[in-house]
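First comes the structure, then the notes that go with it.
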Amino acid sequence: MSAYTALRGAGYLAYTRDRTTLFFTFAFPLLFLVVFGLIFSGQDVEESGRPYISYIAPGVLSWGVANAAVFGVAFMLMQWRRDDILRLIRMTPAPLLAVLGSRFTLALGVGAVQAVLFVAVAMLPAFGLRLDGGWPLAVPLLVLGITAFLALGAVVGSFTTTPEAVAAVANCLMVPMAFLSGSFYPLDAMPGWMQTLSWVLPLRHLNDGLSAALTGSGGTGDMALAAGGLAVFCAVFGVLAVRSFRWSDRT
């Protein structure tokens with residue numbers, strides 16, 4: 001527990017002192033919300049008749065939270081391994097779970113702040129998001145989503161050795177996934193084969209779950225399906241993260 005506490009504190013200080021990363025973690029998703037929200041203000045999706053904001057807000061929020069989790073842990077693992085910090089940690093009694101657990105706690109905190117800030121802005125009159133009564137169910141879905149993408153980020157961080165490689169691999173995963181999962185464009189307006197393909201992407205399940213919880217676009221069955229899909233990705237990515245983890249680039 002003492003190792004976990006120390007690593008969590010070190011991670012928090014490192015994160016909050018990096019003002020540029022801190023700013024873009026919260027400002028970048030909001031920028032997409034503002035741009036798409038103003039462009040499609042007052043418009044409905046023809047296929048479903050629902051307001052665009054009902055798709056845009058949960059979708060961009062999902063992408064922002066997932067992006068922060070993937071990039072945060074991937075860069076941390078790559079840098080700590082490159083600088084031999086992980087090798088030094090390995091010489092202490094600190095277990096691997098303390099290293100990953102400390103990052104998990106930080107990611108949950110960042111995701112919570114992102115979600116509150118994002119929803120508050122989306123509910124402004126200029127955008128007009130209306131929360132459904134089942135919005136508290138978004139909390140467990142966010143936890144599952146952050147867990148899944150944190151594990152994915154750990155895999156990326158274990159296989160990359162430079163900041164450029166982390167950025168390239170993570171962007172190659174997250175940018176196409178955002179479009180294919182409906183974060184920036186409603187899935188209802190996509191071809192049938194793309195809608196089918198999106199089921200194998202974790203972001204699709206996070207989008208669907210948050211949309212159902214925040215806007216009432218689906219019932220408890222839809223949220224349960226999304227939670228089940230995210231749980232599967234948590235398990236798959238978690239196993240890959242543990243198996244691919246390296247304490248040093250020398251091994």
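Chain labels run A, B, ... following the order of the structure tokens; each chain numbers its residues from 1, and ligands are numbered from 1 in the order shown.
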Which residues, written as a PyMOL selection string, have at least one atom at most 7 Å from range 80-95 of chain A, with only C-alpha atoms counted and residues fewer than 4 positions away on the same chain left out? chain A and resi 3+76+99+161+247-249
Residues just named, written with N, CA and C atoms as a compact mmCIF listing (two decimals), in the first residue's frame:
# COMPACT_ATOMS: atom_id res chain seq x y z
N ALA A 3 3.82 1.59 -1.31
CA ALA A 3 4.37 1.75 -2.66
C ALA A 3 3.33 2.36 -3.58
N MET A 76 3.72 7.39 -20.01
CA MET A 76 4.35 7.18 -18.72
C MET A 76 5.20 5.92 -18.72
N VAL A 99 2.26 -0.27 -9.55
CA VAL A 99 2.60 0.63 -10.64
C VAL A 99 1.37 0.93 -11.49
N THR A 161 9.22 2.64 -27.79
CA THR A 161 10.44 3.05 -27.09
C THR A 161 10.75 4.53 -27.21
N TRP A 247 9.99 -4.21 -17.60
CA TRP A 247 10.56 -3.31 -16.62
C TRP A 247 11.68 -2.47 -17.20
N SER A 248 12.31 -2.96 -18.27
CA SER A 248 13.45 -2.24 -18.85
C SER A 248 13.54 -2.55 -20.34
N ASP A 249 14.08 -1.61 -21.11
CA ASP A 249 14.31 -1.83 -22.53
C ASP A 249 15.46 -2.80 -22.76
Shell around range 123-135 of chain A at 7 Å using only C-alpha atoms, local window under 4 positions removed, as a ChimeraX atom specification: /A:37-38,41,53-54,119,213-216
Output all heavy atoms of each residue in that selection to a file, as a PDB file, in the first residue's frame.
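Below you can see part.pdb, which holds the result:
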ATOM      1  N   GLY A  37     -20.888  21.226 -31.980  1.00  0.00           N
ATOM      2  CA  GLY A  37     -22.124  21.687 -31.367  1.00  0.00           C
ATOM      3  C   GLY A  37     -22.673  22.928 -32.022  1.00  0.00           C
ATOM      4  O   GLY A  37     -23.888  23.047 -32.225  1.00  0.00           O
ATOM      5  N   LEU A  38     -21.803  23.869 -32.384  1.00  0.00           N
ATOM      6  CA  LEU A  38     -22.258  25.093 -33.038  1.00  0.00           C
ATOM      7  C   LEU A  38     -22.645  24.838 -34.499  1.00  0.00           C
ATOM      8  O   LEU A  38     -23.600  25.429 -35.006  1.00  0.00           O
ATOM      9  CB  LEU A  38     -21.164  26.158 -32.960  1.00  0.00           C
ATOM     10  CG  LEU A  38     -20.863  26.698 -31.551  1.00  0.00           C
ATOM     11  CD1 LEU A  38     -19.734  27.720 -31.600  1.00  0.00           C
ATOM     12  CD2 LEU A  38     -22.109  27.307 -30.922  1.00  0.00           C
ATOM     13  N   SER A  41     -26.035  22.970 -34.363  1.00  0.00           N
ATOM     14  CA  SER A  41     -26.964  23.479 -33.358  1.00  0.00           C
ATOM     15  C   SER A  41     -28.389  23.506 -33.896  1.00  0.00           C
ATOM     16  O   SER A  41     -28.670  24.040 -34.975  1.00  0.00           O
ATOM     17  CB  SER A  41     -26.549  24.890 -32.939  1.00  0.00           C
ATOM     18  OG  SER A  41     -27.456  25.417 -32.009  1.00  0.00           O
ATOM     19  N   ILE A  53     -26.764  16.903 -30.904  1.00  0.00           N
ATOM     20  CA  ILE A  53     -26.037  17.006 -29.649  1.00  0.00           C
ATOM     21  C   ILE A  53     -26.144  15.724 -28.836  1.00  0.00           C
ATOM     22  O   ILE A  53     -25.249  15.388 -28.058  1.00  0.00           O
ATOM     23  CB  ILE A  53     -26.545  18.211 -28.817  1.00  0.00           C
ATOM     24  CG1 ILE A  53     -25.607  18.501 -27.635  1.00  0.00           C
ATOM     25  CG2 ILE A  53     -27.973  17.982 -28.354  1.00  0.00           C
ATOM     26  CD1 ILE A  53     -24.240  18.940 -28.019  1.00  0.00           C
ATOM     27  N   SER A  54     -27.232  14.953 -29.037  1.00  0.00           N
ATOM     28  CA  SER A  54     -27.395  13.688 -28.312  1.00  0.00           C
ATOM     29  C   SER A  54     -26.383  12.645 -28.762  1.00  0.00           C
ATOM     30  O   SER A  54     -26.088  11.704 -28.025  1.00  0.00           O
ATOM     31  CB  SER A  54     -28.816  13.141 -28.527  1.00  0.00           C
ATOM     32  OG  SER A  54     -29.774  14.019 -27.974  1.00  0.00           O
ATOM     33  N   VAL A 119     -19.881  17.667 -19.558  1.00  0.00           N
ATOM     34  CA  VAL A 119     -21.345  17.670 -19.492  1.00  0.00           C
ATOM     35  C   VAL A 119     -21.856  19.054 -19.109  1.00  0.00           C
ATOM     36  O   VAL A 119     -22.882  19.522 -19.638  1.00  0.00           O
ATOM     37  CB  VAL A 119     -21.841  16.606 -18.499  1.00  0.00           C
ATOM     38  CG1 VAL A 119     -23.342  16.746 -18.246  1.00  0.00           C
ATOM     39  CG2 VAL A 119     -21.528  15.209 -19.022  1.00  0.00           C
ATOM     40  N   ALA A 213     -27.179   6.276 -21.156  1.00  0.00           N
ATOM     41  CA  ALA A 213     -27.274   6.773 -19.780  1.00  0.00           C
ATOM     42  C   ALA A 213     -27.523   8.279 -19.733  1.00  0.00           C
ATOM     43  O   ALA A 213     -28.343   8.752 -18.943  1.00  0.00           O
ATOM     44  CB  ALA A 213     -26.006   6.423 -19.011  1.00  0.00           C
ATOM     45  N   LEU A 214     -26.818   9.024 -20.568  1.00  0.00           N
ATOM     46  CA  LEU A 214     -26.894  10.484 -20.490  1.00  0.00           C
ATOM     47  C   LEU A 214     -28.093  11.071 -21.225  1.00  0.00           C
ATOM     48  O   LEU A 214     -28.668  12.068 -20.773  1.00  0.00           O
ATOM     49  CB  LEU A 214     -25.614  11.108 -21.050  1.00  0.00           C
ATOM     50  CG  LEU A 214     -24.319  10.816 -20.285  1.00  0.00           C
ATOM     51  CD1 LEU A 214     -23.131  11.449 -21.007  1.00  0.00           C
ATOM     52  CD2 LEU A 214     -24.402  11.332 -18.852  1.00  0.00           C
ATOM     53  N   THR A 215     -28.476  10.479 -22.345  1.00  0.00           N
ATOM     54  CA  THR A 215     -29.529  11.079 -23.166  1.00  0.00           C
ATOM     55  C   THR A 215     -30.786  10.226 -23.267  1.00  0.00           C
ATOM     56  O   THR A 215     -31.763  10.656 -23.882  1.00  0.00           O
ATOM     57  CB  THR A 215     -29.017  11.352 -24.589  1.00  0.00           C
ATOM     58  OG1 THR A 215     -28.789  10.112 -25.275  1.00  0.00           O
ATOM     59  CG2 THR A 215     -27.713  12.134 -24.549  1.00  0.00           C
ATOM     60  N   GLY A 216     -30.767   9.014 -22.695  1.00  0.00           N
ATOM     61  CA  GLY A 216     -31.950   8.165 -22.761  1.00  0.00           C
ATOM     62  C   GLY A 216     -32.186   7.542 -24.115  1.00  0.00           C
ATOM     63  O   GLY A 216     -33.321   7.177 -24.451  1.00  0.00           O
TER      64      GLY A 216
END
Need the shell around Val242 in chain A: protein/DNA/RNA residues with any atom at most 10 Å away, counting only C-alpha atoms. Skip same-chain ones fewer than 5 positions apart. Format as a ChimeraX atom specification? /A:96-97,100,151,154-155,158,237
Measuring between only C-alpha atoms, which one of A:Ala189, A:Ala224, A:Val175, A:Gln43 shows the shortest distance to Ala212 in chain A?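 For Ala212 in chain A, the nearest of the candidates is A:Ala224.
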Surrounding residues of Glu164 in chain A excluding itself and chain neighbours under 3 positions, 12 Å, only C-alpha atoms, as a ChimeraX atom specification: /A:71,74-75,78-79,157,160-161,167-171
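Of the residues listed (A:Gly192, A:Pro176, A:Pro163, A:Gly145), A:Gly145 shows the shortest atom-to-atom separation from Leu230 in chain A; distances use only C-alpha atoms.
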Select from range 90-189 of chain A every residue with an atom at most 12 Å from any atom of range 19-23 of chain A, then for each give the shortest pair of atoms and their distance in Å to one decimal, using only C-alpha atoms, rows by chain and rising number, as JSON lines.
{"residue": "A:Val110", "atom": "CA", "partner": "A:Leu22", "partner_atom": "CA", "distance": 9.5}
{"residue": "A:Val113", "atom": "CA", "partner": "A:Leu22", "partner_atom": "CA", "distance": 11.6}
{"residue": "A:Gln114", "atom": "CA", "partner": "A:Leu22", "partner_atom": "CA", "distance": 11.0}
With N, CA, C and O atoms retained, export the selected residues as a PDB file, in the first residue's frame.
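Output (again-v4.pdb):
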ATOM      1  N   VAL A 110      -8.858  11.877 -13.524  1.00  0.00           N
ATOM      2  CA  VAL A 110      -8.874  12.725 -14.718  1.00  0.00           C
ATOM      3  C   VAL A 110     -10.175  12.537 -15.487  1.00  0.00           C
ATOM      4  O   VAL A 110     -10.799  13.510 -15.935  1.00  0.00           O
ATOM      5  N   VAL A 113     -13.128  14.363 -13.766  1.00  0.00           N
ATOM      6  CA  VAL A 113     -13.097  15.812 -13.999  1.00  0.00           C
ATOM      7  C   VAL A 113     -13.485  16.127 -15.443  1.00  0.00           C
ATOM      8  O   VAL A 113     -14.249  17.064 -15.719  1.00  0.00           O
ATOM      9  N   GLN A 114     -12.970  15.333 -16.388  1.00  0.00           N
ATOM     10  CA  GLN A 114     -13.327  15.522 -17.793  1.00  0.00           C
ATOM     11  C   GLN A 114     -14.832  15.420 -17.995  1.00  0.00           C
ATOM     12  O   GLN A 114     -15.446  16.250 -18.672  1.00  0.00           O
TER      13      GLN A 114
END
Let me make sure I understand: among A:Ala107, A:Met190, A:Val232, A:Val121, which one has the smallest atom-to-atom distance to Val70 in chain A if we use only C-alpha atoms? A:Ala107
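When only C-alpha atoms are used to compute distances to Leu197 in chain A, the closest of the residues A:Leu106, A:Leu180, A:Leu210, A:Leu142 turns out to be A:Leu180.
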How would you write, as a ChimeraX atom specification, the set of residues in range 149-220 of chain A that DSSP gives as helix (DSSP H, G or I)? /A:149-159,163-180,187-189,192-200,202-215,220
